file upload-v3.txt (compact mmCIF, C-alpha atoms)
# COMPACT_ATOMS: atom_id res chain seq x y z
CA MET A 104 86.08 104.10 94.14
CA ARG A 105 83.61 105.42 96.74
CA GLU A 106 80.95 105.97 94.06
CA VAL A 107 80.95 102.24 93.30
CA GLY A 108 81.09 101.33 97.00
CA GLY A 109 84.78 100.51 97.25
CA VAL A 110 86.91 100.92 100.37
CA VAL A 111 89.36 103.81 100.23
CA ASN A 112 92.45 103.29 102.39
CA PRO A 113 96.26 103.39 101.95
CA THR A 114 96.33 99.90 100.39
CA THR A 115 93.68 100.56 97.76
CA ILE A 116 95.07 104.03 97.00
CA ARG A 117 98.51 102.58 96.34
CA GLY A 118 97.00 99.83 94.17
CA GLY A 119 95.11 102.41 92.13
CA LEU A 120 98.16 104.61 91.70
CA MET A 121 100.37 101.73 90.59
CA GLY A 122 97.67 100.58 88.19
CA LEU A 123 97.58 104.04 86.63
CA VAL A 124 101.36 104.10 86.37
CA LYS A 125 101.45 100.74 84.62
CA SER A 126 98.63 101.75 82.27
CA ASN A 127 100.69 104.65 80.89
CA LEU A 128 104.40 104.35 81.58
CA ALA A 129 105.18 107.23 79.22
CA GLU A 130 103.17 109.68 81.34
CA TYR A 131 103.60 108.28 84.84
CA GLY A 132 106.87 106.32 84.61
CA ALA A 133 108.79 108.98 86.55
CA TYR A 134 106.64 108.18 89.61
CA LEU A 135 107.39 104.46 89.86
CA GLN A 136 109.42 105.11 93.03
CA PHE A 137 106.62 107.17 94.58
CA GLU A 138 105.70 106.15 98.12
CA VAL A 139 102.24 106.67 99.60
CA SER A 140 103.37 108.42 102.79
CA ARG A 141 101.14 109.43 105.70
CA PRO A 142 101.56 113.21 105.08
CA TRP A 143 100.70 112.72 101.39
CA LEU A 144 97.57 110.73 102.32
CA GLN A 145 96.44 113.36 104.83
CA SER A 146 96.91 116.04 102.18
CA LEU A 147 94.88 113.99 99.67
CA TYR A 148 92.04 113.43 102.15
CA ARG A 149 91.85 117.15 102.96
CA ARG A 150 91.72 118.09 99.28
CA MET A 151 88.94 115.54 98.70
CA ASN A 152 87.07 116.60 101.88
CA PHE A 153 87.24 113.01 103.17
CA SER A 154 87.20 111.77 106.77
CA GLN A 155 87.75 108.30 108.17
CA ARG A 156 84.51 106.42 108.89
CA LYS A 157 83.69 103.11 110.47
CA ALA A 158 80.55 101.19 111.44
CA THR A 159 80.38 100.49 115.17
CA THR A 160 78.29 98.25 117.40
CA ALA A 161 77.14 98.98 120.94
CA ARG A 162 77.91 96.79 123.93
CA PRO A 163 75.79 96.67 127.07
CA PRO A 164 77.22 99.01 129.72
CA ILE A 165 78.46 97.67 133.03
CA SER A 166 79.61 99.64 136.05
CA GLN A 167 83.28 99.50 136.99
CA ALA A 168 82.43 98.12 140.45
CA ALA A 169 80.35 95.29 138.98
CA PHE A 170 83.04 94.48 136.43
CA ASP A 171 85.77 94.42 139.11
CA GLU A 172 83.79 91.96 141.22
CA ILE A 173 82.99 89.69 138.26
CA LYS A 174 86.63 89.74 137.17
CA PHE A 175 87.82 88.92 140.70
CA ARG A 176 85.45 85.95 141.03
CA TYR A 177 86.53 84.75 137.56
CA HIS A 178 90.20 84.84 138.57
CA LEU A 179 89.33 83.20 141.88
CA SER A 180 87.66 80.28 140.09
CA ILE A 181 90.81 79.79 138.01
CA GLN A 182 93.07 79.97 141.08
CA LYS A 183 91.04 77.39 142.97
CA VAL A 184 91.30 74.86 140.14
CA VAL A 185 95.01 75.52 139.57
CA GLU A 186 95.78 75.10 143.28
CA LYS A 187 93.55 72.03 143.77
CA TYR A 188 95.05 70.05 140.88
CA HIS A 189 98.56 71.60 140.81
CA ILE A 190 98.12 72.45 137.14
CA PRO A 191 101.29 73.64 135.34
CA GLU A 192 101.07 76.75 133.14
CA GLU A 193 101.60 74.65 130.02
CA LEU A 194 98.29 72.87 130.72
CA ILE A 195 96.21 76.02 131.21
CA ILE A 196 94.38 76.43 127.89
CA THR A 197 91.65 78.63 126.50
CA LEU A 198 89.59 78.14 123.35
CA ASP A 199 87.07 80.27 121.54
CA GLN A 200 84.98 80.11 118.38
CA THR A 201 85.19 83.03 115.99
CA PRO A 202 83.64 83.58 112.55
CA SER A 203 86.16 83.68 109.72
CA LYS A 204 84.85 85.32 106.54
CA PHE A 205 85.95 84.30 103.08
CA PHE A 206 85.79 87.94 102.04
CA ASN A 207 86.52 90.02 105.15
CA LEU A 208 86.51 93.56 103.85
CA ASN A 209 87.66 96.25 106.27
CA LYS A 210 84.69 98.58 106.85
CA MET A 211 87.03 101.49 107.59
CA THR A 212 87.08 103.77 104.57
CA MET A 213 87.49 107.41 103.60
CA HIS A 214 84.25 109.18 102.68
CA LYS A 215 82.89 112.67 102.13
CA LYS A 216 82.51 114.64 105.36
CA GLY A 217 79.02 115.27 106.66
CA GLU A 218 77.28 112.36 104.92
CA SER A 219 75.35 110.09 107.26
CA ARG A 220 75.26 106.97 105.08
CA VAL A 221 78.51 105.20 104.20
CA SER A 222 78.00 102.20 101.91
CA VAL A 223 80.77 99.75 101.03
CA ALA A 224 80.41 97.17 98.27
CA HIS A 225 80.48 93.53 99.51
CA SER A 226 80.71 94.70 103.15
CA GLU A 227 77.65 92.59 104.00
CA ASP A 228 79.08 89.40 102.47
CA LYS A 229 78.33 86.85 105.20
CA ARG A 230 79.91 83.74 103.69
CA ALA A 231 82.09 82.36 106.45
CA ILE A 232 83.29 79.40 108.45
CA THR A 233 83.62 78.92 112.20
CA ALA A 234 87.21 78.75 113.38
CA THR A 235 87.92 77.46 116.89
CA LEU A 236 91.30 78.60 118.18
CA ALA A 237 93.02 77.33 121.30
CA VAL A 238 96.13 78.65 123.04
CA SER A 239 98.07 77.87 126.22
CA LEU A 240 99.16 80.26 128.96
CA THR A 241 102.77 79.73 127.84
CA GLY A 242 101.97 80.98 124.32
CA ASP A 243 101.44 77.76 122.34
CA ILE A 244 98.90 77.83 119.51
CA LEU A 245 97.04 74.57 118.89
CA PRO A 246 95.85 73.39 115.45
CA TYR A 247 92.70 75.18 114.30
CA LYS A 248 89.29 73.53 114.24
CA LEU A 249 87.48 74.73 111.09
CA ILE A 250 83.78 74.16 110.38
CA TYR A 251 82.59 74.77 106.80
CA SER A 252 79.05 75.13 105.49
CA GLY A 253 77.97 72.26 103.26
CA LYS A 254 76.49 68.78 102.95
CA THR A 255 79.45 66.84 101.55
CA GLN A 256 83.24 66.88 101.75
CA ARG A 257 83.32 68.83 98.50
CA CYS A 258 82.75 72.00 100.57
CA LEU A 259 86.12 71.53 102.28
CA PRO A 260 89.33 73.09 100.95
CA LYS A 261 92.14 70.89 99.72
CA ARG A 262 94.08 69.45 102.66
CA GLU A 263 97.44 70.49 101.23
CA LEU A 264 96.39 74.15 101.47
CA LEU A 265 96.31 73.97 105.28
CA PRO A 266 98.91 72.97 107.90
CA PRO A 267 99.03 69.36 109.18
CA GLY A 268 96.87 68.84 112.26
CA PHE A 269 94.09 71.22 111.29
CA LEU A 270 90.73 69.62 112.09
CA LEU A 271 88.16 70.11 109.32
CA SER A 272 84.45 69.34 109.41
CA TYR A 273 81.23 70.59 107.87
CA ASN A 274 77.52 70.96 108.57
CA LYS A 275 74.59 72.88 107.10
CA THR A 276 75.18 76.05 109.14
CA HIS A 277 78.97 75.93 109.83
CA TRP A 278 78.08 76.57 113.49
CA SER A 279 79.62 74.76 116.41
CA ASN A 280 77.53 72.29 118.40
CA THR A 281 77.90 69.44 120.88
CA GLN A 282 79.36 67.05 118.32
CA GLU A 283 81.91 69.63 117.18
CA THR A 284 82.86 70.33 120.80
CA VAL A 285 83.51 66.63 121.45
CA ASN A 286 85.50 66.52 118.21
CA ILE A 287 87.91 69.28 119.20
CA LEU A 288 88.30 67.96 122.75
CA GLN A 289 89.22 64.48 121.53
CA ASN A 290 91.33 65.42 118.51
CA VAL A 291 92.99 68.73 119.40
CA ILE A 292 92.93 69.46 123.15
CA TYR A 293 93.57 65.92 124.45
CA PRO A 294 96.50 65.13 122.09
CA TYR A 295 98.12 68.47 122.95
CA CYS A 296 97.81 67.77 126.69
CA GLN A 297 99.28 64.30 126.24
CA ASP A 298 102.29 65.74 124.38
CA VAL A 299 102.85 68.36 127.11
CA LYS A 300 102.73 65.75 129.87
CA LYS A 301 105.20 63.60 127.99
CA ASN A 302 107.59 66.52 127.45
CA LEU A 303 107.33 67.56 131.13
CA ASP A 304 107.56 63.94 132.33
CA LEU A 305 104.19 64.22 134.10
CA PRO A 306 101.81 61.35 134.91
CA GLU A 307 98.98 60.88 132.43
CA GLY A 308 96.41 61.56 135.15
CA VAL A 309 97.53 65.17 135.73
CA MET A 310 94.60 67.51 135.15
CA ALA A 311 94.53 70.35 132.61
CA LEU A 312 92.41 73.49 132.83
CA LEU A 313 90.28 74.62 129.88
CA ILE A 314 88.85 78.16 129.95
CA TRP A 315 85.99 78.73 127.53
CA ASP A 316 82.75 80.68 127.14
CA ASP A 317 79.28 79.70 128.33
CA PHE A 318 78.25 78.13 125.01
CA SER A 319 75.39 75.62 125.20
CA GLY A 320 77.47 72.92 123.51
CA HIS A 321 80.07 73.15 126.27
CA GLY A 322 77.52 72.17 128.90
CA ALA A 323 75.96 69.25 127.04
CA PRO A 324 75.81 65.90 128.91
CA GLU A 325 78.12 64.25 126.35
CA VAL A 326 80.74 66.94 126.92
CA LYS A 327 80.45 66.84 130.71
CA ALA A 328 80.86 63.05 130.62
CA LEU A 329 83.94 63.30 128.40
CA LEU A 330 85.85 65.94 130.39
CA PRO A 331 86.91 63.76 133.39
CA LYS A 332 87.83 60.90 131.03
CA ILE A 333 90.44 63.07 129.33
CA ASN A 334 91.54 64.76 132.58
CA LEU A 335 90.09 68.20 131.86
CA CYS A 336 88.41 70.66 134.20
CA THR A 337 86.84 73.88 133.00
CA VAL A 338 86.14 77.47 134.00
CA ASP A 339 83.66 79.64 132.09
CA VAL A 340 84.45 83.16 130.95
CA PRO A 341 81.74 85.45 132.44
CA LYS A 342 78.75 85.98 130.17
CA ASN A 343 78.77 89.07 127.91
CA LEU A 344 82.34 89.90 128.95
CA THR A 345 84.42 87.76 126.62
CA HIS A 346 85.59 90.94 124.84
CA LEU A 347 87.20 92.01 128.12
CA LEU A 348 88.13 88.74 129.83
CA SER A 349 88.84 86.19 127.09
CA PRO A 350 92.57 86.05 126.20
CA LEU A 351 91.73 85.07 122.62
CA ASP A 352 89.23 87.89 122.12
CA LEU A 353 91.68 90.45 123.46
CA THR A 354 94.51 89.76 121.00
CA VAL A 355 94.50 86.61 118.86
CA ASN A 356 91.03 86.85 117.31
CA LYS A 357 91.60 90.54 116.51
CA SER A 358 94.93 89.74 114.88
CA LEU A 359 93.38 86.94 112.80
CA LYS A 360 90.66 89.26 111.52
CA LYS A 361 93.26 91.92 110.73
CA MET A 362 95.21 89.37 108.68
CA GLU A 363 92.02 88.40 106.85
CA GLN A 364 91.26 92.05 106.09
CA ASP A 365 94.80 92.70 104.89
CA ALA A 366 94.68 89.64 102.62
CA CYS A 367 91.31 90.78 101.27
CA ALA A 368 92.66 94.28 100.63
CA GLU A 369 95.69 92.84 98.84
CA TYR A 370 93.41 90.74 96.61
CA VAL A 371 91.22 93.74 95.78
CA THR A 372 94.26 95.92 95.18
CA ALA A 373 95.89 93.40 92.86
CA LYS A 374 92.72 93.01 90.83
CA LEU A 375 92.17 96.77 90.75
CA ALA A 376 95.73 97.41 89.56
CA GLN A 377 95.27 94.73 86.91
CA HIS A 378 92.01 96.37 85.77
CA LEU A 379 93.54 99.86 85.64
CA THR A 380 96.36 98.59 83.48
CA TYR A 381 93.84 98.16 80.66
CA ASN A 382 90.95 100.43 81.69
CA THR A 383 91.21 103.56 83.88
CA ASP A 384 87.44 103.72 84.43
CA VAL A 385 86.85 102.13 87.87
CA SER A 386 83.07 102.12 87.34
CA ASP A 387 83.64 99.11 85.06
CA PHE A 388 85.63 97.26 87.72
CA LYS A 389 84.09 93.89 88.66
CA LEU A 390 85.59 91.84 91.47
CA ASP A 391 85.48 88.04 91.29
CA ILE A 392 84.29 86.84 94.71
CA ARG A 393 83.18 83.33 93.83
CA LEU A 394 83.90 80.78 96.56
CA SER A 395 85.99 78.74 94.13
CA VAL A 396 88.31 81.76 93.96
CA LEU A 397 88.12 82.93 97.58
CA LYS A 398 88.40 79.58 99.37
CA PRO A 399 92.06 78.88 98.37
CA LEU A 400 92.99 82.48 99.24
CA HIS A 401 91.23 82.15 102.60
CA SER A 402 93.04 78.87 103.33
CA GLN A 403 96.37 80.54 102.59
CA THR A 404 95.51 83.34 105.02
CA LEU A 405 94.68 80.82 107.76
CA LYS A 406 97.95 79.00 107.09
CA ASN A 407 99.90 82.26 107.27
CA SER A 408 98.20 83.21 110.53
CA TYR A 409 99.07 79.85 112.10
CA THR A 410 102.71 80.27 111.05
CA PHE A 411 102.71 83.75 112.56
CA PHE A 412 101.26 82.62 115.91
CA LYS A 413 103.83 79.83 116.20
CA ALA A 414 106.73 82.28 115.73
CA ASP A 415 108.18 84.38 118.57
CA HIS A 416 106.18 87.52 117.83
CA GLY A 417 102.98 85.50 117.65
CA ARG A 418 103.72 83.75 120.94
CA ASN A 419 104.29 87.13 122.57
CA LEU A 420 100.95 88.31 121.22
CA ILE A 421 99.22 85.24 122.64
CA GLN A 422 100.79 85.79 126.06
CA SER A 423 99.80 89.47 126.00
CA GLY A 424 96.16 88.35 125.71
CA TRP A 425 96.47 86.31 128.90
CA ARG A 426 98.08 89.30 130.63
CA ALA A 427 95.36 91.67 129.41
CA ALA A 428 92.70 89.35 130.85
CA GLY A 429 94.54 89.39 134.18
CA ILE A 430 94.94 85.61 134.20
CA THR A 431 98.75 85.53 134.02
CA GLU A 432 99.04 87.59 137.20
CA ALA A 433 96.25 85.64 138.94
CA VAL A 434 97.99 82.31 138.25
CA LYS A 435 101.35 83.74 139.35
CA ARG A 436 99.87 84.93 142.67
CA CYS A 437 98.24 81.54 143.16
CA LYS A 438 101.48 79.61 142.62
CA GLU A 439 103.47 81.96 144.87
CA HIS A 440 100.98 82.70 147.64
CA GLY A 441 98.01 80.38 147.17
CA VAL A 442 94.42 81.41 146.43
CA ASP A 443 93.82 85.14 146.94
CA SER A 444 93.18 85.97 150.60
CA ARG A 445 91.05 88.89 149.34
CA MET A 446 88.26 86.37 148.71
CA LEU A 447 84.84 88.03 148.95
CA ILE A 448 82.72 86.85 151.87
CA ASP A 449 79.01 86.44 151.35
CA PRO A 450 77.36 87.48 154.66
CA PHE A 451 74.26 85.46 153.80
CA ALA A 452 76.09 82.25 152.83
CA ASN A 453 75.11 80.42 156.04
CA LEU A 454 71.64 81.90 156.37
CA PHE A 455 68.86 79.36 156.03
CA LEU A 456 65.24 80.45 155.59

call {"tool": "encode", "arguments": {"input": "upload-v3.txt", "output": "structure tokens"}}
result
Amino acid sequence: MREVGGVVNPTTIRGGLMGLVKSNLAEYGAYLQFEVSRPWLQSLYRRMNFSQRKATTARPPISQAAFDEIKFRYHLSIQKVVEKYHIPEELIITLDQTPSKFFNLNKMTMHKKGESRVSVAHSEDKRAITATLAVSLTGDILPYKLIYSGKTQRCLPKRELLPPGFLLSYNKTHWSNTQETVNILQNVIYPYCQDVKKNLDLPEGVMALLIWDDFSGHGAPEVKALLPKINLCTVDVPKNLTHLLSPLDLTVNKSLKKMEQDACAEYVTAKLAQHLTYNTDVSDFKLDIRLSVLKPLHSQTLKNSYTFFKADHGRNLIQSGWRAAGITEAVKRCKEHGVDSRMLIDPFANLFL
């Protein structure tokens, strides 16, 4: 598998073993109940002189003191808005764009120890869409906003493959922009807020808080003009710190990518097992990764993820992201004691030159 660039992990190992079993029941039939246990895998890796490898990316360093101050000011901005407009927790929302690959292969694989280059077939496949996810402080997941790459509606998946309410669009790059931002505000965020206000018996004019990153489309004149019309105020996540301070980045986006990787591994494993049933030479193995094949599988993964996030365990995961970003505690302190009295004082605030 490694010689042809395949990923070696528990899922693919099990798929290969079961394929071998099915290819020769007379020889391997006694092992149909065999389980790929952790001790067995560790033993196999040692015998093959393999170690676990993964490609990593560097992030710009920041001192703890600087991070603490940025985080405090971020929480303070949220508290001020919540206190000023008496915003209920159900109307505190965050959204974030994340790439969603059609073929999201996990780059973690087993490889020979000591080798500096670790290549994985299809690991650089960049075909993707942009998924915009939005969640509330109370753990609600809103319908996804999905942007596909294409020039006509033919690039979109069949509607019945995705849950009702999903907002689909397309452009040449599949990237978000001002128009796409207005689209999600009008057709996802605003309807959700209206439903919450109705359920809580709140006046239509009650403000909601939207926490998002400092994306250029969020600051466009059209967006700024729309926000007060739909009773939304915003707070930006600090630049270059979304991986530490965005609730979605901390849990939900990671979970979505893990689901995509698991679905990809299951597809590869199923095809590998099917191949090994007829041919035990993996060097002849060819994986079909045409978009016409991957797009329905990808849609099913997105549907499964949405179902997961709406269930209790998914809601708990969403709420844990808010807690990890410190926002849950900041809002709680605000509602119980008002805006933090620890507010930093700028000694030069009233100095005029």

call {"tool": "closest_residue", "arguments": {"input": "upload-v3.txt", "among": "A:Ile173, A:Leu179, A:Lys374, A:Leu405", "to": "Leu390 of chain A", "atoms": "only C-alpha atoms"}}
result
A:Lys374

call {"tool": "atom_distance", "arguments": {"input": "upload-v3.txt", "atom1": "atom CA of Thr337 of chain A", "atom2": "atom CA of Phe318 of chain A"}}
result
12.5 Å

call {"tool": "atom_distance", "arguments": {"input": "upload-v3.txt", "atom1": "atom CA of Tyr273 of chain A", "atom2": "atom CA of Asn290 of chain A"}}
result
15.6 Å

call {"tool": "closest_residue", "arguments": {"input": "upload-v3.txt", "among": "A:Lys406, A:Lys248, A:Arg426, A:Lys300", "to": "Pro191 of chain A", "atoms": "all atoms listed in the file"}}
result
A:Lys300

call {"tool": "residues_around", "arguments": {"input": "upload-v3.txt", "residues": "segment 398-403 of chain A", "least_positions_apart": "5", "cutoff": "10 Å", "atoms": "all atoms listed in the file", "output": "ChimeraX atom specification"}}
result
/A:203-207,231,258-266,363,366-367,370,392-393,408-409

call {"tool": "atom_distance", "arguments": {"input": "upload-v3.txt", "atom1": "atom CA of Ile195 of chain A", "atom2": "atom CA of Ile165 of chain A"}}
result
28.1 Å
